[in-house]
Every structure is written in C-alpha cells, then in structure tokens.
>>> print(open('data_1.cif').read())   # mmCIF, C-alpha atoms
data_run
loop_
_atom_site.label_atom_id
_atom_site.label_comp_id
_atom_site.auth_asym_id
_atom_site.auth_seq_id
_atom_site.Cartn_x
_atom_site.Cartn_y
_atom_site.Cartn_z
CA MET A 1 11.64 -23.24 27.46
CA ASN A 2 9.63 -20.55 29.25
CA GLU A 3 9.80 -18.36 26.18
CA ASN A 4 8.47 -21.22 24.11
CA GLU A 5 5.67 -21.76 26.61
CA ASN A 6 4.73 -18.08 26.21
CA ASN A 7 4.82 -18.36 22.44
CA PHE A 8 2.36 -21.22 22.57
CA GLU A 9 0.10 -19.72 25.21
CA SER A 10 -2.71 -18.86 22.80
CA LEU A 11 -2.53 -22.33 21.31
CA ARG A 12 -2.77 -23.85 24.77
CA ARG A 13 -5.79 -21.71 25.55
CA LEU A 14 -7.39 -22.91 22.34
CA LEU A 15 -6.62 -26.54 23.14
CA ALA A 16 -8.06 -26.10 26.62
CA HIS A 17 -11.51 -25.80 25.03
CA LYS A 18 -11.23 -29.42 23.99
CA ARG A 19 -11.55 -30.50 27.61
CA HIS A 20 -15.22 -29.75 27.36
CA GLU A 21 -15.95 -31.95 24.39
CA THR A 22 -17.78 -34.58 26.36
CA PRO A 23 -20.43 -37.17 25.61
CA PRO A 24 -24.06 -36.43 26.56
CA PRO A 25 -24.97 -36.20 30.26
CA GLY A 26 -25.57 -39.60 31.82
CA TYR A 27 -23.41 -41.34 29.27
CA PHE A 28 -21.08 -42.79 31.90
CA ASN A 29 -23.93 -44.02 34.11
CA SER A 30 -24.15 -47.27 32.20
CA PHE A 31 -20.61 -47.36 30.82
CA SER A 32 -19.04 -49.65 33.42
CA GLY A 33 -22.15 -51.84 33.42
CA GLN A 34 -21.76 -52.46 29.70
CA ILE A 35 -18.13 -53.46 30.17
CA ILE A 36 -18.90 -55.81 33.03
CA ALA A 37 -21.69 -57.38 30.95
CA ARG A 38 -19.27 -57.95 28.10
CA ILE A 39 -16.73 -59.50 30.47
CA ARG A 40 -19.40 -61.80 31.91
CA ALA A 41 -20.53 -62.77 28.40
CA GLY A 42 -16.93 -63.56 27.48
CA GLU A 43 -16.47 -65.70 30.59
CA ALA A 44 -19.70 -67.56 29.87
CA SER A 45 -18.45 -68.80 26.51
CA PRO A 46 -14.82 -69.80 27.01
CA ALA A 47 -15.12 -72.61 24.43
CA ARG A 48 -15.78 -70.13 21.70
CA ASN A 49 -12.74 -68.15 22.76
CA ASP A 50 -10.57 -71.26 22.66
CA SER A 51 -11.64 -72.17 19.16
CA SER A 52 -11.17 -68.65 17.92
CA SER A 53 -7.71 -68.53 19.43
CA ASP A 54 -6.62 -71.14 16.89
CA ILE A 55 -6.87 -68.60 14.11
CA SER A 56 -6.03 -65.57 16.20
CA TRP A 57 -2.29 -66.02 15.62
CA LEU A 58 -2.88 -65.75 11.88
CA LEU A 59 -4.99 -62.63 12.33
CA LYS A 60 -2.32 -61.14 14.58
CA LEU A 61 0.31 -61.87 11.95
CA LEU A 62 -1.79 -60.22 9.27
CA GLN A 63 -2.42 -57.23 11.52
CA ALA A 64 1.31 -56.97 12.18
CA PHE A 65 1.91 -56.95 8.43
CA GLU A 66 -0.70 -54.26 8.01
CA LEU A 67 0.67 -52.10 10.80
CA LYS A 68 4.35 -52.52 9.94
CA PRO A 69 5.04 -52.86 6.21
CA ALA A 70 8.73 -53.20 7.01
CA PHE A 71 7.94 -56.34 8.98
CA ALA A 72 6.03 -57.71 6.01
CA GLY A 73 8.99 -56.91 3.75
CA ALA A 74 11.42 -58.61 6.10
CA PHE A 75 9.19 -61.66 6.33
CA ALA A 76 8.90 -61.87 2.54
CA SER A 77 12.66 -61.43 2.15
CA ALA A 78 13.34 -64.23 4.62
CA LEU A 79 10.95 -66.53 2.77
CA SER A 80 12.55 -65.66 -0.58
CA LEU A 81 16.01 -66.30 0.86
CA LEU A 82 14.91 -69.69 2.14
CA LEU A 83 13.46 -70.54 -1.27
CA VAL A 84 16.64 -69.53 -3.10
CA LEU A 85 18.79 -71.47 -0.64
CA GLY A 86 16.58 -74.50 -1.12
CA ILE A 87 16.87 -74.31 -4.90
CA VAL A 88 20.64 -73.81 -4.78
CA TYR A 89 21.06 -76.72 -2.38
CA ALA A 90 18.85 -78.98 -4.48
CA GLU A 91 20.84 -78.23 -7.64
CA ARG A 92 24.19 -79.06 -6.08
CA PRO A 93 25.56 -82.24 -7.72
CA ASP A 94 26.67 -83.76 -4.41
CA SER A 95 23.39 -83.17 -2.66
CA GLY A 96 21.60 -86.35 -3.86
CA PRO A 97 20.88 -89.53 -1.91
CA GLN A 98 24.42 -90.78 -2.29
CA PRO A 99 25.48 -90.33 1.34
CA ILE A 100 22.49 -92.37 2.50
CA LEU A 101 23.45 -95.29 0.24
CA GLN A 102 27.00 -95.17 1.42
CA THR A 103 26.12 -95.45 5.05
CA ASP A 104 23.31 -97.97 4.78
CA GLY A 105 24.80 -101.48 4.83
CA GLN A 106 21.51 -103.18 4.00
CA SER A 107 21.01 -101.04 0.94
CA LEU A 108 24.46 -101.91 -0.27
CA GLY A 109 23.64 -105.57 0.24
CA SER A 110 20.49 -105.22 -1.83
CA ILE A 111 22.44 -103.61 -4.64
CA ALA A 112 24.93 -106.45 -4.55
CA ALA A 113 22.10 -108.98 -4.75
CA MET A 114 20.56 -107.17 -7.73
CA SER A 115 23.85 -107.21 -9.54
CA SER A 116 24.02 -110.97 -9.07
CA GLY A 117 20.68 -111.42 -10.84
CA THR A 118 18.29 -111.99 -7.97
CA ILE A 119 16.09 -109.75 -5.99
CA SER A 120 15.97 -110.48 -2.35
CA GLN A 121 12.85 -109.40 -0.56
CA PRO A 122 13.79 -106.39 1.49
CA PRO A 123 13.21 -106.63 5.22
CA MET A 124 11.03 -103.53 5.10
CA ALA A 125 8.48 -105.39 2.98
CA ASN A 126 8.27 -108.19 5.51
CA ASP A 127 7.76 -105.71 8.30
CA PHE A 128 4.92 -103.90 6.69
CA THR A 129 3.16 -106.62 4.67
CA THR A 130 0.18 -108.00 6.55
CA SER A 131 -1.88 -109.24 3.64
CA ASN A 132 -1.12 -112.13 1.31
CA SER A 133 -3.29 -110.72 -1.42
CA ALA A 134 -1.32 -109.67 -4.47
CA ALA A 135 -3.42 -106.57 -4.90
CA THR A 136 -2.79 -105.30 -1.40
CA SER A 137 0.65 -106.70 -0.87
CA LEU A 138 3.53 -104.36 -0.39
CA GLN A 139 5.94 -106.83 -1.95
CA PRO A 140 8.05 -105.64 -4.85
CA VAL A 141 6.41 -105.62 -8.24
CA ALA A 142 8.93 -108.20 -9.48
CA SER A 143 7.20 -110.88 -7.43
CA LEU A 144 4.05 -110.51 -9.52
CA PHE A 145 5.77 -112.30 -12.41
CA GLY A 146 6.27 -115.44 -10.38
CA SER A 147 9.93 -115.51 -11.00
CA GLN A 148 12.54 -114.10 -8.73
CA ASN A 149 14.99 -113.75 -11.60
CA VAL A 150 15.50 -110.53 -13.39
CA PHE A 151 17.07 -110.66 -16.77
CA ALA A 152 19.18 -107.68 -17.48
CA GLN A 153 21.14 -107.27 -20.61
CA PRO A 154 23.77 -104.59 -20.80
CA VAL A 155 23.25 -102.21 -23.68
CA SER A 156 25.87 -100.14 -25.30
CA PHE A 157 25.52 -97.49 -27.95
CA SER A 158 28.12 -96.70 -30.50
CA THR A 159 28.28 -93.64 -32.72
CA SER A 160 30.80 -95.03 -35.09
CA GLY A 161 29.61 -95.97 -38.54
CA ASN A 162 31.46 -99.31 -38.71
CA MET B 1 -22.71 -34.83 19.64
CA THR B 2 -19.84 -32.55 20.54
CA MET B 3 -20.68 -30.06 23.21
CA LEU B 4 -18.80 -26.98 24.20
CA MET B 5 -19.02 -25.25 27.52
CA ALA B 6 -18.24 -21.62 28.09
CA GLU B 7 -15.13 -21.63 30.21
CA PRO B 8 -12.44 -24.23 30.71
CA ALA B 9 -12.06 -25.58 34.21
CA GLU B 10 -8.96 -26.76 35.99
CA LEU B 11 -8.04 -30.37 35.49
CA THR B 12 -8.44 -32.86 38.29
CA ASP B 13 -6.08 -35.35 36.70
CA GLN B 14 -4.36 -36.57 39.83
CA GLU B 15 -3.41 -39.92 41.23
CA PRO B 16 -5.98 -41.49 43.54
CA ALA B 17 -5.84 -40.10 47.07
CA VAL B 18 -5.78 -43.57 48.66
CA PRO B 19 -3.51 -45.79 46.58
CA THR B 20 -3.69 -48.65 49.07
CA ALA B 21 -7.45 -48.85 48.58
CA GLU B 22 -6.83 -48.98 44.87
CA MET B 23 -4.34 -51.83 45.26
CA ASP B 24 -6.95 -53.65 47.30
CA LEU B 25 -9.44 -53.21 44.46
CA VAL B 26 -6.85 -54.41 41.96
CA ARG B 27 -6.09 -57.53 44.00
CA ARG B 28 -9.76 -58.33 44.35
CA ALA B 29 -10.25 -57.81 40.61
CA GLN B 30 -7.27 -60.08 39.93
CA GLY B 31 -9.14 -62.73 41.87
CA GLY B 32 -12.13 -62.32 39.59
CA ASP B 33 -14.19 -59.89 41.67
CA LEU B 34 -16.15 -57.97 39.05
CA GLU B 35 -17.58 -55.54 41.58
CA ALA B 36 -14.07 -54.41 42.41
CA TYR B 37 -13.26 -54.03 38.74
CA ASP B 38 -16.48 -52.08 38.24
CA GLU B 39 -15.23 -49.64 40.86
CA LEU B 40 -11.89 -49.32 39.05
CA ILE B 41 -13.68 -48.64 35.77
CA LYS B 42 -15.73 -45.89 37.36
CA ARG B 43 -12.58 -44.24 38.67
CA TYR B 44 -10.89 -43.94 35.29
CA GLN B 45 -13.59 -44.21 32.65
CA GLU B 46 -13.86 -40.48 31.97
CA ARG B 47 -10.13 -39.90 31.64
CA ILE B 48 -9.59 -42.96 29.47
CA TYR B 49 -12.57 -42.05 27.31
CA ALA B 50 -11.44 -38.44 26.96
CA THR B 51 -7.93 -39.39 25.90
CA ILE B 52 -9.22 -41.78 23.26
CA TYR B 53 -11.79 -39.27 22.07
CA HIS B 54 -9.19 -36.53 21.64
CA MET B 55 -7.01 -38.97 19.72
CA THR B 56 -9.79 -40.13 17.39
CA SER B 57 -12.12 -37.10 17.36
CA ASN B 58 -15.00 -39.55 17.19
CA HIS B 59 -17.32 -40.45 20.04
CA GLU B 60 -18.39 -43.83 18.63
CA ASP B 61 -14.79 -44.94 18.13
CA ALA B 62 -13.91 -43.64 21.59
CA ASN B 63 -16.76 -45.63 23.11
CA ASP B 64 -15.72 -48.88 21.43
CA LEU B 65 -12.01 -48.43 22.09
CA ALA B 66 -12.50 -47.45 25.74
CA GLN B 67 -14.67 -50.51 26.37
CA ASP B 68 -12.18 -52.76 24.57
CA ALA B 69 -9.31 -51.29 26.58
CA PHE B 70 -11.04 -51.97 29.91
CA ILE B 71 -11.89 -55.53 28.83
CA LYS B 72 -8.35 -56.18 27.67
CA ALA B 73 -7.02 -54.76 30.93
CA PHE B 74 -9.24 -57.13 32.89
CA GLN B 75 -8.05 -60.10 30.85
CA ALA B 76 -4.42 -59.07 31.42
CA LEU B 77 -4.92 -58.08 35.04
CA LYS B 78 -3.04 -61.10 36.38
CA SER B 79 0.10 -59.82 34.65
CA PHE B 80 -0.10 -56.53 36.54
CA LYS B 81 2.56 -56.72 39.25
CA GLY B 82 2.29 -53.20 40.59
CA GLY B 83 5.55 -51.95 39.07
CA SER B 84 3.71 -48.80 38.04
CA SER B 85 0.40 -47.38 39.19
CA PHE B 86 -2.69 -49.14 37.93
CA TYR B 87 -3.67 -45.89 36.27
CA THR B 88 -0.45 -45.77 34.21
CA TRP B 89 -0.73 -49.44 33.30
CA LEU B 90 -4.34 -49.00 32.19
CA TYR B 91 -3.43 -45.87 30.25
CA ARG B 92 -0.74 -47.75 28.33
CA ILE B 93 -3.24 -50.37 27.24
CA ALA B 94 -5.74 -47.75 26.12
CA VAL B 95 -3.10 -45.69 24.31
CA ASN B 96 -1.59 -48.68 22.50
CA LYS B 97 -5.02 -49.86 21.46
CA THR B 98 -5.89 -46.41 20.15
CA ILE B 99 -2.65 -46.01 18.22
CA ASN B 100 -3.08 -49.44 16.63
CA PHE B 101 -6.64 -48.53 15.68
CA LEU B 102 -5.55 -45.24 14.13
CA LYS B 103 -2.79 -46.91 12.12
CA GLN B 104 -5.19 -49.54 10.85
CA ARG B 105 -7.75 -46.89 9.95
CA LYS B 106 -5.14 -44.86 8.11
CA ASN B 107 -4.02 -47.90 6.13
CA ARG B 108 -7.62 -48.85 5.40
CA LEU B 109 -8.59 -45.44 4.10
CA HIS B 110 -5.40 -44.92 2.08
CA MET B 111 -6.01 -41.23 2.47
CA SER B 112 -3.82 -38.57 3.97
CA LEU B 113 -5.46 -35.83 5.89
CA ASN B 114 -2.97 -33.50 4.27
CA ASP B 115 -5.03 -33.92 1.13
CA LEU B 116 -8.09 -32.38 2.72
CA ASP B 117 -9.07 -28.85 1.92
CA PHE B 118 -8.27 -26.53 4.80
CA ASN B 119 -8.90 -23.30 2.92
CA ALA B 120 -11.65 -22.43 5.34
CA GLU B 121 -8.95 -21.61 7.86
CA ASN B 122 -8.08 -18.58 5.81
CA ASN B 123 -11.62 -17.33 5.46
CA PRO B 124 -11.46 -13.73 6.84
CA ASP B 125 -15.14 -13.75 7.80
CA LEU B 126 -14.69 -16.83 9.93
CA VAL B 127 -11.59 -15.43 11.56
CA ALA B 128 -13.38 -12.21 12.39
CA LEU B 129 -16.37 -14.13 13.67
CA ILE B 130 -14.23 -15.98 16.16
CA SER B 131 -11.92 -13.16 17.12
CA ASP B 132 -14.66 -10.64 17.82
CA LYS B 133 -16.81 -10.92 20.89
CA THR B 134 -20.11 -11.14 19.07
CA PRO B 135 -23.32 -12.99 20.02
CA ARG B 136 -22.41 -15.54 17.40
CA ARG B 137 -19.15 -16.37 19.13
CA GLU B 138 -20.42 -19.65 20.59
CA ALA B 139 -21.42 -20.87 17.14
CA GLY B 140 -18.01 -19.82 15.90
CA LEU B 141 -16.36 -21.77 18.67
CA LYS B 142 -18.06 -24.93 17.49
CA GLU B 143 -16.60 -24.43 14.06
CA LEU B 144 -13.27 -23.60 15.61
CA SER B 145 -13.43 -26.85 17.55
CA GLU B 146 -13.92 -28.74 14.31
CA LYS B 147 -10.93 -27.00 12.77
CA LEU B 148 -8.91 -27.79 15.86
CA ASN B 149 -9.80 -31.47 15.60
CA GLU B 150 -8.90 -31.50 11.92
CA ALA B 151 -5.54 -29.96 12.69
CA LEU B 152 -4.92 -32.44 15.50
CA LEU B 153 -5.65 -35.33 13.15
CA LYS B 154 -2.97 -34.04 10.83
CA LEU B 155 -0.35 -34.72 13.51
CA SER B 156 1.26 -38.14 13.79
CA GLU B 157 -0.21 -40.39 16.48
CA GLN B 158 2.79 -39.94 18.77
CA HIS B 159 2.81 -36.14 18.51
CA ARG B 160 -0.96 -35.97 18.89
CA LEU B 161 -0.85 -38.14 21.98
CA VAL B 162 1.75 -35.95 23.67
CA MET B 163 -0.25 -32.83 22.90
CA VAL B 164 -3.53 -34.35 24.08
CA LEU B 165 -2.06 -35.66 27.31
CA HIS B 166 -0.21 -32.43 28.13
CA ASP B 167 -2.15 -29.52 26.69
CA VAL B 168 -5.66 -30.95 26.86
CA GLN B 169 -5.53 -33.27 29.85
CA GLY B 170 -2.85 -31.47 31.80
CA GLN B 171 -0.57 -34.39 32.53
CA SER B 172 3.05 -33.75 33.45
CA HIS B 173 6.00 -34.61 31.24
CA GLU B 174 6.97 -37.34 33.69
CA GLN B 175 3.53 -38.97 33.57
CA ILE B 176 3.50 -38.86 29.77
CA ALA B 177 6.99 -40.35 29.58
CA GLU B 178 5.83 -43.21 31.79
CA VAL B 179 2.72 -43.84 29.72
CA MET B 180 4.59 -43.67 26.42
CA ASP B 181 7.59 -45.58 27.74
CA CYS B 182 10.11 -42.99 26.59
CA ASN B 183 12.30 -40.38 28.28
CA ILE B 184 11.23 -36.88 29.22
CA GLY B 185 13.43 -35.28 26.57
CA THR B 186 11.54 -37.14 23.90
CA VAL B 187 8.25 -35.96 25.35
CA ARG B 188 9.44 -32.34 25.38
CA SER B 189 10.74 -32.44 21.82
CA ARG B 190 7.55 -34.09 20.54
CA LEU B 191 5.45 -31.53 22.34
CA PHE B 192 7.46 -28.66 20.91
CA TYR B 193 7.21 -30.02 17.37
CA ALA B 194 3.48 -30.69 17.72
CA ARG B 195 2.86 -27.15 18.98
CA GLN B 196 4.87 -25.69 16.15
CA GLN B 197 2.84 -27.61 13.62
CA MET B 198 -0.48 -26.74 15.22
CA GLN B 199 0.46 -23.08 15.47
CA ALA B 200 1.33 -23.01 11.79
CA TRP B 201 -1.95 -24.66 10.81
CA LEU B 202 -4.13 -22.57 13.09
CA THR B 203 -2.29 -19.29 12.79
CA ASP B 204 -5.40 -17.35 11.80
CA TYR B 205 -7.30 -18.51 14.86
CA LEU B 206 -4.53 -17.64 17.27
CA LYS B 207 -4.64 -13.86 16.88
CA PRO B 208 -4.65 -12.09 20.25
CA THR B 209 -8.09 -10.84 21.27
#
>>> encode(input="data_1.cif", output="structure tokens")
Amino acid sequence: MNENENNFESLRRLLAHKRHETPPPGYFNSFSGQIIARIRAGEASPARNDSSSDISWLLKLLQAFELKPAFAGAFASALSLLLVLGIVYAERPDSGPQPILQTDGQSLGSIAAMSSGTISQPPMANDFTTSNSAATSLQPVASLFGSQNVFAQPVSFSTSGN
Amino acid sequence: MTMLMAEPAELTDQEPAVPTAEMDLVRRAQGGDLEAYDELIKRYQERIYATIYHMTSNHEDANDLAQDAFIKAFQALKSFKGGSSFYTWLYRIAVNKTINFLKQRKNRLHMSLNDLDFNAENNPDLVALISDKTPRREAGLKELSEKLNEALLKLSEQHRLVMVLHDVQGQSHEQIAEVMDCNIGTVRSRLFYARQQMQAWLTDYLKPT
C-alpha cells in the first residue's frame, strides 16, 4: 500500500489545493443565523407542514422511483402481477357468487319463494326503507305494479324442423 | 467565486477537544434550545460546507445543501442517541443529502460528464504553463483547479466522496468507513480505484516539477 501511496503522491498534492477553494471572507458569519431563522420560520408554521406532509409520501415515492429505477421496475412488476392474478381469478368458472348463495339461508329462502310464484319482501328492504313514497322507496321494483304475483312462463327453443 | 491560496495548510479535521461539552450542547438542542444548536452549527459549518462543495463543485448548491442538512439534523435531533459522535451523525445526513441531490441532478440532466470535451487536458501549452514556474502560474492553477473539479465530477458519487474525505479533507479510513457505513476495506478499494481514475484523467498535469 505504501508503494501505491507513493505512486499517487503527485495526485494527492494536486488535490490538496482544493482545500483552499473557499467561499468569500465573512461568508460563514451569517451562515448559522440563516439556518436558525429558517428553523424558527418552520416552527412558526407547523400547520403548513402538517398539510404538506399529506402529499409528502407521494413525493417521496416519486423521488424513490427517480433515484432507483430498479425500485420503479419492481413496483411496476408487482402491480402487473396483481392485475394478471386478478384477471385470472375473475375468469375462473368457480369464482362467481355461488358460494355466497350456498351459505346464505335467507337467500335460498327467497329463491324458493320466487320459484313458487311470489316475491316476498326481503328483510333488507324493510331495514333500509324509511320513506313510503314510491319514488324514494327502496322496495323491489315488482311492488310498483301493485301485484305481488310474477307470471313466469318457461320458454324452450327447439332447433328441429318438425 | 473560487479562490485559490498559495500553499496548502495542514488540516485541523479533528474531533472536538471537549466531547462532554458537545454532548451538553446536543442535549440542550434536543430540548429545543436554538442557541445551543447555533453553537453546534458554528463548530461544523465549514467542514460540512467544504465536503458538500467538493462533491458538487458549486458554491450555490453547497450553500443550499449545507443549510438543508443542518435543518434536517435539527428536526431529527431527538433520534440521535449518541451511538456515534454528533459530528459523524451530522456528516452522514449531509453526505446522504448530497448524494441524493447529485443523483437527482444527474437524472434530470440526462447527460454524462463523460460526453464532455476534455481535450484541453492535452493542450501542451497549458501543461507547460502549469508545470513551469512562471509568473502566470497562479492563473494556470485556477484553470488546473477547474480541470480537477471536472475530473472529480466524472467519478461516481461514492468514489468521489471517499477521495474528497481522504485526500482533500484528510479524514482517516476509519472515519470515512463510519460516515459511509461500510468497512475499511471498501474505503481503501474505492480510494485506490478513484485515484487510478483521476491519475489517468489528469496524467498531463501530474508531471514531476
């Protein structure tokens, strides 16, 4: 290492000149005063700091993206992966609302009532309806016709010519 | 703005003589005593400023970054537990702030300093001007200083920091390792690489007189 130090001696002498690159005389006389004034100004307006902190996390995130492109790439990859997983999960045939219907006894009861030709008012409507007005009521649309009966006729299609 | 003096002087980059008094100042500043913090600023302002200036080669940037570093240090002062010296802790804040600034500036400019024209380094007249002891030597030194800054800016931030802290500010390998939060071997290898690069770029200015 000593040999290396000797090899770089002239470079070190050259770099030593940089120690004398200083600001103008008297520059540091007011330096600390400026910092203290800025600290006092910051303490005097804490409300502004609080409101700006709401968006600071977003700025920090953007700065992190700018400083570390790999981080931005990883973040984008994670988002893309989540999106693809969401699409794949949504397209699965067994991922519909079926499990909810199977476990909800009241829903099954409502389906049974519909199949028998009547629509019973669901308990949810009673819970949420506070107005008797038809326009603002949350009752099912079927009640607007005055009749609680729903006429359903089974339809079948046939491709045969006869 | 840049001024050059004739002869380099020895560095006085040492830890404070009375560390207990410094800890007292730190505790008072942690309690919100701005006079105590003002005293701490005055102790380290020149060294912090110089480090940032040598990293950025720009006095305006150094002024802004040094002020920001001291303000950030005050805001984070309650988290200072005394695990390292206040000086090292403050230095880390200033160095991290400077490196972040330099990275942002590099990304903003989208320009590599390697693309700049450094043909002037090979100008024989300029080399002779600086090598010879002529009355115009001081003027030549100013130009040399500019070339030196340009070469320093070609180094990566980490290599430049090691070189500035060791060869310009005279800090030990141990101090630099503490500031940069790495081991001494890393500091030595970075310093060696940085010197190699600088020597290659400034070869014409390094002829023995």
>>> atom_distance(input="data_1.cif", atom1="atom CA of B:Thr88", atom2="atom CA of B:Gln175")
7.9 Å
>>> interface_residues(input="data_1.cif", of="chain A", to="chain B", cutoff="7 Å", atoms="only C-alpha atoms", output="PyMOL selection string")
chain A and resi 8+10-12+15-23+32+35-36+39+67
>>> atom_distance(input="data_1.cif", atom1="atom CA of B:Glu22", atom2="atom CA of B:Ile52")
22.9 Å
>>> atom_distance(input="data_1.cif", atom1="atom CA of B:Gly185", atom2="atom CA of B:His173")
8.8 Å
